[in-house]
Protein chains: 2
Amino acid sequence: MLLSYIQFKPIFGDIRKNLAAITKLLAPVKTDLVVLPELCTTGYLFSNKREIRALAEPLPDGETARFFIELSRQKNTHIIAGIAERDGNVFYNSAVITGPEGYIGTYRKVHLYAEEKKWFKPGNKGFDVYKIKSARVGVMICFDWIFPESARTLALKGADIIAHPSNLVLPWCQSAMRVRSIENRIFTVTANRIGRETRGGKSLKFTGKSQMTGMRGEILAQSGNSQSEIKTVSINPQKARNKSLNSFNDLFEDRRTKLYM
Amino acid sequence: MLLSYIQFKPIFGDIRKNLAAITKLLAPVKTDLVVLPELCTTGYLFSNKREIRALAEPLPDGETARFFIELSRQKNTHIIAGIAERDGNVFYNSAVITGPEGYIGTYRKVHLYAEEKKWFKPGNKGFDVYKIKSARVGVMICFDWIFPESARTLALKGADIIAHPSNLVLPWCQSAMRVRSIENRIFTVTANRIGRETRGGKSLKFTGKSQMTGMRGEILAQSGNSQSEIKTVSINPQKARNKSLNSFNDLFEDRRTKLYM
């Protein structure tokens, strides 16, 4: 199975230009699943509710989701894209999952970071796993990484791969995702954005260094902190269903759940 | 608070010599708590039940525990030492916690690694936190690190510091413990052994690189892979009680336990 991420710099508020940038990066590549950054069509640094109302869209019926559905169909691939979701008068920091067959699902970010709490409601649907080709793919977004329960829950629900759209500003996530791979024996794809956003008196620098990790935490692909690019690796996701470390230890069977809080 | 680990090479089966090596390394140092490696008085590579029966001791009444109690009193310090425990005809891979006031507690390793399962019973008492000076100290042993629930459970029970006696052979633990610090905002002390043991047709190389980490995963102290030594740092353990990352995020209050498996 071919697995990709796109790392780029979304332009705040310019959905059309961001979709064009994504389309261009994806154009020359054959892949089965491409993971895009968090809020990759709107940009990150909202400064008031009016901006959210103007840029967020319903899922799966909004124009941006329909664009990804069509792009999935044209490219015969699956896409997991961070997107600002409108549900009536409520907004979520979401990821839409699409494939050649159309809309597959929506993940709403469970753990909101910092001022996101001013614009978004925390995800109310939990963590889900989606069948994509021969793989089971779990989705979490950015700051979810710091809670080990996010990746653990997805792995226990059967995820072979964790797709992880991100807009990272803290320095720790990339090494933590290697540990998420090791402790769950899964693949991970962290699609991070690059560039700086300066808006409403605030400024954030996003750290890039998107990466894919294998079941032993090894780096399968990694980007620098300033390059727009798509990276693709070939993996066998079903290997992640074997949780045995040696003939005595299986990482899931060895769990002592009654002793955990 | 002064926090230390001892890294050294235990000699299999020679409890007296190992206790002498520990005493010598500790002698010149003033500290409030010193963490020793897993099975630091017996060595690791048991090859039959007879050896366990000969070397394991009851806690806290065995000779080795009484030695540590006396050493704690003489040095006016607390000791957390990995030790083979005998409880009737059952054996545990345990850690004994002692202080100037005497015996404090016993932790029995919850997640046994590889052939340890042939000699030991998995710990049946769960994860506990002990009051040591101004700190609350949780204990886990070696392979417990790969289960994020171990450190999480200790942190949720109030641990400021995780004391982590180890006999590591896999290459991943040291970076994982940095992540355990970050995700729980706690201090960690991994006391690993060094050297090779070759017994009963088996051979294991232990990786050293003992370390202490701070609440942001920063390395406070670290050893190489072959040096016998004691390292000491000064920390304020009560800082670990503040789980806030910024004015919006508290790592414990932000947990969405209903959405976790």
# chains A, B, ... in the order shown; residues from 1 in each chain; ligands from 1
>>> interface_residues(of="chain B", to="chain A", cutoff="10 Å", atoms="only C-alpha atoms", output="PyMOL selection string")
chain B and resi 110-118+122-127+144-157+172-173+175-180+182-184+216-217+245-252+254-261
>>> select_by_dssp(residues="stretch 27-234 of chain B", states="strand (DSSP E)", output="mmCIF file with C-alpha atoms, in the first residue's frame")
data_model
loop_
_atom_site.group_PDB
_atom_site.id
_atom_site.type_symbol
_atom_site.label_atom_id
_atom_site.label_comp_id
_atom_site.auth_asym_id
_atom_site.auth_seq_id
_atom_site.Cartn_x
_atom_site.Cartn_y
_atom_site.Cartn_z
ATOM 1 C CA LEU B 33 16.606 9.276 46.975
ATOM 2 C CA VAL B 34 18.734 6.876 44.985
ATOM 3 C CA VAL B 35 17.268 4.514 42.388
ATOM 4 C CA HIS B 78 15.800 6.665 50.518
ATOM 5 C CA ILE B 79 16.590 3.717 48.266
ATOM 6 C CA ILE B 80 14.531 2.062 45.545
ATOM 7 C CA ALA B 81 16.239 -1.177 44.566
ATOM 8 C CA GLY B 82 15.269 -3.920 42.127
ATOM 9 C CA ILE B 83 15.294 -7.252 43.960
ATOM 10 C CA ALA B 84 14.121 -10.846 43.413
ATOM 11 C CA GLU B 85 11.293 -11.383 45.901
ATOM 12 C CA ARG B 86 10.198 -14.678 47.393
ATOM 13 C CA ASP B 87 6.669 -14.898 48.775
ATOM 14 C CA VAL B 90 6.009 -17.589 44.460
ATOM 15 C CA PHE B 91 8.598 -15.195 43.046
ATOM 16 C CA TYR B 92 8.244 -11.603 41.912
ATOM 17 C CA ASN B 93 10.535 -9.220 40.059
ATOM 18 C CA SER B 94 10.188 -6.497 42.678
ATOM 19 C CA ALA B 95 11.532 -3.203 43.914
ATOM 20 C CA VAL B 96 11.914 -2.505 47.609
ATOM 21 C CA ILE B 97 11.514 1.059 48.850
ATOM 22 C CA THR B 98 13.369 1.960 52.047
ATOM 23 C CA GLY B 99 14.107 5.139 53.988
ATOM 24 C CA GLY B 102 12.809 1.803 57.662
ATOM 25 C CA TYR B 103 10.823 -0.242 55.175
ATOM 26 C CA ILE B 104 8.379 1.777 53.076
ATOM 27 C CA GLY B 105 6.950 -0.576 50.450
ATOM 28 C CA THR B 106 7.336 -3.095 47.667
ATOM 29 C CA TYR B 107 6.438 -2.845 44.002
ATOM 30 C CA ARG B 108 6.008 -6.070 42.041
ATOM 31 C CA VAL B 129 2.914 6.052 44.931
ATOM 32 C CA TYR B 130 5.069 6.606 48.022
ATOM 33 C CA LYS B 131 5.705 9.795 49.982
ATOM 34 C CA ILE B 132 9.461 10.439 50.037
ATOM 35 C CA ALA B 135 7.898 14.168 46.756
ATOM 36 C CA ARG B 136 5.382 11.559 45.725
ATOM 37 C CA VAL B 137 7.299 8.785 44.024
ATOM 38 C CA GLY B 138 5.796 6.114 41.796
ATOM 39 C CA VAL B 139 7.672 2.945 40.932
ATOM 40 C CA ILE B 161 8.676 11.331 40.051
ATOM 41 C CA ILE B 162 8.739 7.892 38.469
ATOM 42 C CA ALA B 163 11.548 5.700 39.796
ATOM 43 C CA HIS B 164 12.334 3.120 37.130
ATOM 44 C CA PRO B 165 14.809 0.339 38.008
ATOM 45 C CA SER B 166 15.763 -1.312 34.720
ATOM 46 C CA PHE B 187 10.217 13.649 36.489
ATOM 47 C CA THR B 188 11.612 10.208 35.684
ATOM 48 C CA VAL B 189 14.676 8.300 36.872
ATOM 49 C CA THR B 190 15.682 5.264 34.828
ATOM 50 C CA ALA B 191 18.475 3.369 36.616
ATOM 51 C CA ASN B 192 19.771 0.875 34.082
ATOM 52 C CA ILE B 194 25.494 -2.242 32.178
ATOM 53 C CA GLY B 195 27.532 -5.240 31.094
ATOM 54 C CA ARG B 196 26.797 -8.573 29.504
ATOM 55 C CA GLU B 197 25.450 -11.737 31.134
ATOM 56 C CA THR B 198 26.102 -15.091 29.484
ATOM 57 C CA ARG B 199 24.484 -18.029 31.200
ATOM 58 C CA LYS B 202 21.892 -17.292 26.564
ATOM 59 C CA SER B 203 23.608 -13.944 26.396
ATOM 60 C CA LEU B 204 22.239 -10.466 27.009
ATOM 61 C CA LYS B 205 23.900 -7.079 26.648
ATOM 62 C CA PHE B 206 22.431 -4.374 28.862
ATOM 63 C CA THR B 207 22.373 -0.900 27.393
ATOM 64 C CA GLN B 211 18.904 8.936 32.696
ATOM 65 C CA MET B 212 16.784 11.441 34.602
ATOM 66 C CA THR B 213 14.236 13.546 32.722
ATOM 67 C CA ILE B 219 17.559 15.229 30.021
ATOM 68 C CA LEU B 220 18.666 16.209 33.537
ATOM 69 C CA ALA B 221 21.389 13.563 33.747
ATOM 70 C CA GLN B 222 22.524 10.757 31.492
ATOM 71 C CA GLU B 229 28.575 5.647 38.356
ATOM 72 C CA ILE B 230 26.150 7.549 40.529
ATOM 73 C CA LYS B 231 24.574 10.742 39.177
ATOM 74 C CA THR B 232 22.675 13.283 41.252
ATOM 75 C CA VAL B 233 20.468 16.217 40.324
ATOM 76 C CA SER B 234 18.521 18.736 42.385
#
>>> residues_around(residues="B:Ser134", least_positions_apart="3", cutoff="10 Å", atoms="only C-alpha atoms", output="PDB file with N, CA and C atoms, in the first residue's frame")
ATOM      1  N   MET B   1      15.181  18.923  46.363  1.00  0.00           N
ATOM      2  CA  MET B   1      15.355  17.508  46.652  1.00  0.00           C
ATOM      3  C   MET B   1      16.456  16.933  45.762  1.00  0.00           C
ATOM      4  N   LYS B 131       5.262   8.467  49.551  1.00  0.00           N
ATOM      5  CA  LYS B 131       5.705   9.795  49.982  1.00  0.00           C
ATOM      6  C   LYS B 131       7.169   9.685  50.393  1.00  0.00           C
ATOM      7  N   VAL B 137       6.472   9.570  44.955  1.00  0.00           N
ATOM      8  CA  VAL B 137       7.299   8.785  44.024  1.00  0.00           C
ATOM      9  C   VAL B 137       6.569   7.509  43.628  1.00  0.00           C
ATOM     10  N   ASP B 160       4.990  12.543  41.382  1.00  0.00           N
ATOM     11  CA  ASP B 160       5.780  13.652  40.836  1.00  0.00           C
ATOM     12  C   ASP B 160       6.986  13.097  40.074  1.00  0.00           C
ATOM     13  N   ASN B 236      12.820  20.269  42.057  1.00  0.00           N
ATOM     14  CA  ASN B 236      11.669  20.616  42.888  1.00  0.00           C
ATOM     15  C   ASN B 236      10.489  19.761  42.444  1.00  0.00           C
ATOM     16  N   PRO B 237      10.262  18.634  43.127  1.00  0.00           N
ATOM     17  CA  PRO B 237       9.260  17.677  42.635  1.00  0.00           C
ATOM     18  C   PRO B 237       7.848  18.256  42.600  1.00  0.00           C
ATOM     19  N   GLN B 238       7.579  19.260  43.453  1.00  0.00           N
ATOM     20  CA  GLN B 238       6.214  19.785  43.523  1.00  0.00           C
ATOM     21  C   GLN B 238       5.802  20.517  42.252  1.00  0.00           C
TER      22      GLN B 238
END
>>> closest_residue(among="A:Asn167, A:Arg73, A:Cys142, A:Trp119", to="A:Cys40", atoms="only C-alpha atoms")
A:Asn167
>>> residues_around(residues="A:Gly200", least_positions_apart="6", cutoff="10 Å", atoms="only C-alpha atoms", output="PyMOL selection string")
chain A and resi 45-48
>>> select_by_dssp(residues="stretch 69-253 of chain A", states="helix (DSSP H, G or I)", output="PyMOL selection string")
chain A and resi 69-75+116-119+142-146+148-156+173-184+237-241
>>> atom_distance(atom1="atom CA of A:Gly88", atom2="atom CA of A:Asn18")
24.4 Å
>>> atom_distance(atom1="atom CA of B:Pro10", atom2="atom CA of B:Pro37")
9.0 Å
